[in-house]
$ cat start_38.txt   # compact mmCIF, C-alpha atoms
# COMPACT_ATOMS: atom_id res chain seq x y z
CA MET V 1 0.00 0.00 0.00
CA GLU V 2 1.14 3.52 -0.74
CA THR V 3 1.31 6.25 1.92
CA ALA V 4 -1.91 7.92 0.75
CA GLU V 5 -3.78 4.60 1.01
CA PHE V 6 -2.61 4.06 4.59
CA GLU V 7 -3.58 7.58 5.60
CA LYS V 8 -7.12 6.98 4.33
CA LEU V 9 -7.63 3.91 6.54
CA ALA V 10 -9.95 4.48 9.47
CA ILE V 11 -8.22 1.81 11.55
CA PRO V 12 -4.82 1.92 13.29
CA ILE V 13 -1.78 0.57 11.46
CA ALA V 14 0.66 -1.97 12.94
CA LEU V 15 4.03 -3.06 11.59
CA VAL V 16 5.03 -6.60 12.58
CA VAL V 17 8.68 -7.53 12.00
CA ASP V 18 10.12 -11.02 12.42
CA ASP V 19 12.44 -13.27 10.43
CA ASP V 20 10.61 -16.43 11.55
CA PRO V 21 7.68 -16.91 9.14
CA LEU V 22 5.46 -18.76 11.63
CA ILE V 23 5.93 -16.18 14.38
CA LEU V 24 5.36 -13.40 11.85
CA MET V 25 2.13 -14.96 10.61
CA ASP V 26 0.76 -15.79 14.08
CA THR V 27 1.64 -12.37 15.50
CA ALA V 28 0.16 -10.55 12.50
CA ASP V 29 -3.08 -12.56 12.82
CA MET V 30 -3.29 -11.85 16.55
CA ILE V 31 -2.77 -8.09 16.06
CA ALA V 32 -5.21 -7.98 13.13
CA GLY V 33 -7.76 -9.59 15.46
CA GLU V 34 -7.37 -6.57 17.72
CA GLY V 35 -8.51 -4.26 14.93
CA TYR V 36 -5.24 -3.18 13.31
CA ALA V 37 -4.35 -3.04 9.63
CA VAL V 38 -1.17 -5.13 9.72
CA VAL V 39 1.92 -4.73 7.57
CA GLU V 40 4.41 -7.60 7.73
CA ALA V 41 8.18 -7.28 7.29
CA LYS V 42 10.53 -10.28 7.16
CA THR V 43 13.75 -8.27 7.46
CA ALA V 44 14.96 -5.16 9.25
CA ASP V 45 15.53 -3.53 5.84
CA GLN V 46 11.88 -4.08 4.87
CA ALA V 47 10.78 -2.54 8.17
CA TYR V 48 13.05 0.49 7.75
CA ASP V 49 11.78 0.96 4.19
CA PHE V 50 8.18 0.99 5.42
CA LEU V 51 9.00 3.35 8.29
CA ASP V 52 10.79 5.74 5.94
CA ARG V 53 7.70 6.00 3.71
CA HIS V 54 4.87 5.99 6.28
CA SER V 55 4.38 8.21 9.29
CA SER V 56 0.94 7.00 10.34
CA LEU V 57 2.07 3.93 12.32
CA GLN V 58 0.37 3.26 15.68
CA LEU V 59 2.08 0.00 16.70
CA LEU V 60 5.49 -1.52 16.05
CA PHE V 61 5.98 -5.16 17.07
CA THR V 62 9.49 -6.38 16.35
CA ASP V 63 11.95 -9.17 17.04
CA VAL V 64 14.88 -7.34 18.66
CA GLN V 65 17.20 -10.30 18.09
CA MET V 66 16.64 -10.35 14.34
CA PRO V 67 19.71 -9.98 12.11
CA GLY V 68 20.11 -6.39 10.91
CA SER V 69 18.25 -4.85 13.81
CA PRO V 70 20.18 -1.99 15.44
CA VAL V 71 18.99 -3.26 18.81
CA ALA V 72 19.73 -6.93 18.14
CA GLY V 73 20.25 -8.88 21.33
CA SER V 74 20.32 -5.79 23.48
CA GLY V 75 17.20 -5.57 25.63
CA SER V 76 19.21 -3.88 28.39
CA HIS V 77 20.44 -1.24 25.95
CA VAL V 78 16.88 -0.47 24.79
CA GLN V 79 15.62 -0.26 28.36
CA TRP V 80 18.50 2.02 29.40
CA CYS V 81 17.93 4.40 26.47
CA SER V 82 14.13 4.40 26.88
CA GLU V 83 14.42 5.33 30.55
CA ARG V 84 16.80 8.23 29.84
CA TYR V 85 15.46 9.74 26.62
CA ARG V 86 11.79 10.51 26.15
CA THR V 87 12.33 10.77 22.37
CA TYR V 88 14.14 7.41 22.07
CA ARG V 89 13.08 5.17 19.15
CA ALA V 90 14.18 1.55 19.46
CA TYR V 91 13.65 0.75 15.78
CA ASP V 92 16.51 3.02 14.70
CA ASP V 93 18.26 3.32 18.09
CA THR V 94 18.14 7.14 18.13
CA TYR V 95 16.87 10.00 20.27
CA VAL V 96 16.67 13.79 19.93
CA PRO V 97 19.11 15.59 22.24
CA ARG V 98 18.78 19.26 23.10
CA ALA V 99 20.74 20.17 19.96
CA GLY V 100 17.74 18.95 17.96
CA MET V 101 19.42 16.51 15.56
CA ARG V 102 18.61 12.82 16.01
CA ALA V 103 21.57 10.91 17.49
CA ARG V 104 22.44 7.27 18.19
CA CYS V 105 21.96 6.20 21.80
CA MET V 106 25.17 5.11 23.49
CA SER V 107 24.62 3.07 26.64
CA PRO V 108 26.87 1.09 28.97
CA TYR V 109 25.48 -2.03 27.27
CA ARG V 110 26.91 -1.17 23.83
$ encode --input "start_38.txt" --output "structure tokens"
Amino acid sequence: METAEFEKLAIPIALVVDDDPLILMDTADMIAGEGYAVVEAKTADQAYDFLDRHSSLQLLFTDVQMPGSPVAGSGSHVQWCSERYRTYRAYDDTYVPRAGMRARCMSPYR
């Protein structure tokens, strides 16, 4: 779907990202059952591509240990950054400091 098509939807949009096809399918079905329009991504690159093109996302459900993920295998890192930076985004591992330009989060777990 193109950006304009997503923006016309009257239901919330969810992006589900997982490299395991069964988990991806089951999770997408479960979230769709909750009333979301679900977009599936099998790789981190597919997810980033979708996120670059669409700003109307309400839910991101991702496998943080998936190859290519900037937060792969680092739940402690994500928690540390989330607790310190209100603007932290786990999907691209960045936050907005006072200077105003998005920056990569550096934690003791990196």
$ closest_residue --input "start_38.txt" --among "V:His77, V:His54, V:Ile13, V:Val64" --to "Val39 (chain V)" --atoms "all atoms listed in the file"
V:Ile13
$ residues_around --input "start_38.txt" --residues "region 92-95 of chain V" --least-positions-apart "2" --cutoff "8 Å" --atoms "all atoms listed in the file" --output "JSON, numbers by chain"
{"V": [70, 71, 78, 85, 86, 87, 88, 89, 90, 97, 102, 103, 104, 105]}
$ atom_distance --input "start_38.txt" --atom1 "CA of Asp45 (chain V)" --atom2 "CA of Ala10 (chain V)"
27.0 Å
$ residues_around --input "start_38.txt" --residues "Leu57 (chain V)" --least-positions-apart "2" --cutoff "8 Å" --atoms "only C-alpha atoms" --output "list in words"
Pro12, Ile13, Ala14, Leu15, His54, Ser55, Leu59 and Leu60 of chain V
$ closest_residue --input "start_38.txt" --among "V:Met106, V:Ala37, V:Val17, V:Ile31" --to "Phe61 (chain V)" --atoms "all atoms listed in the file"
V:Val17
$ atom_distance --input "start_38.txt" --atom1 "CA of Cys81 (chain V)" --atom2 "CA of Arg98 (chain V)"
15.3 Å
$ atom_distance --input "start_38.txt" --atom1 "CA of Tyr36 (chain V)" --atom2 "CA of Asp20 (chain V)"
20.7 Å
$ axis_aligned_box --input "start_38.txt" --around "region 46-54 of chain V" --padding-each-side "3 Å" --output "lines of an AutoDock Vina configuration file"
center_x = 9.0
center_y = 1.0
center_z = 6.0
size_x = 14.2
size_y = 16.1
size_z = 10.6
$ residues_near_point --input "start_38.txt" --point "(16.6, -9.0, 9.6)" --cutoff "9 Å" --atoms "only C-alpha atoms" --output "short mmCIF file (atom, residue, chain, number, x, y, z; two decimals) with C-alpha atoms, in the frame of the given file"
data_model
loop_
_atom_site.label_atom_id
_atom_site.label_comp_id
_atom_site.auth_asym_id
_atom_site.auth_seq_id
_atom_site.Cartn_x
_atom_site.Cartn_y
_atom_site.Cartn_z
CA VAL V 17 8.68 -7.53 12.00
CA ASP V 18 10.12 -11.02 12.42
CA ASP V 19 12.44 -13.27 10.43
CA ALA V 41 8.18 -7.28 7.29
CA LYS V 42 10.53 -10.28 7.16
CA THR V 43 13.75 -8.27 7.46
CA ALA V 44 14.96 -5.16 9.25
CA ASP V 45 15.53 -3.53 5.84
CA GLN V 46 11.88 -4.08 4.87
CA ALA V 47 10.78 -2.54 8.17
CA ASP V 63 11.95 -9.17 17.04
CA GLN V 65 17.20 -10.30 18.09
CA MET V 66 16.64 -10.35 14.34
CA PRO V 67 19.71 -9.98 12.11
CA GLY V 68 20.11 -6.39 10.91
CA SER V 69 18.25 -4.85 13.81
#
$ closest_residue --input "start_38.txt" --among "V:Ile11, V:Tyr91, V:Asp52, V:Pro21" --to "Val38 (chain V)" --atoms "all atoms listed in the file"
V:Ile11
$ closest_residue --input "start_38.txt" --among "V:Asp29, V:Val16, V:Val96, V:Leu22" --to "Tyr48 (chain V)" --atoms "all atoms listed in the file"
V:Val16
$ closest_residue --input "start_38.txt" --among "V:Ala28, V:Asp49, V:Thr62, V:Pro108" --to "Trp80 (chain V)" --atoms "all atoms listed in the file"
V:Pro108
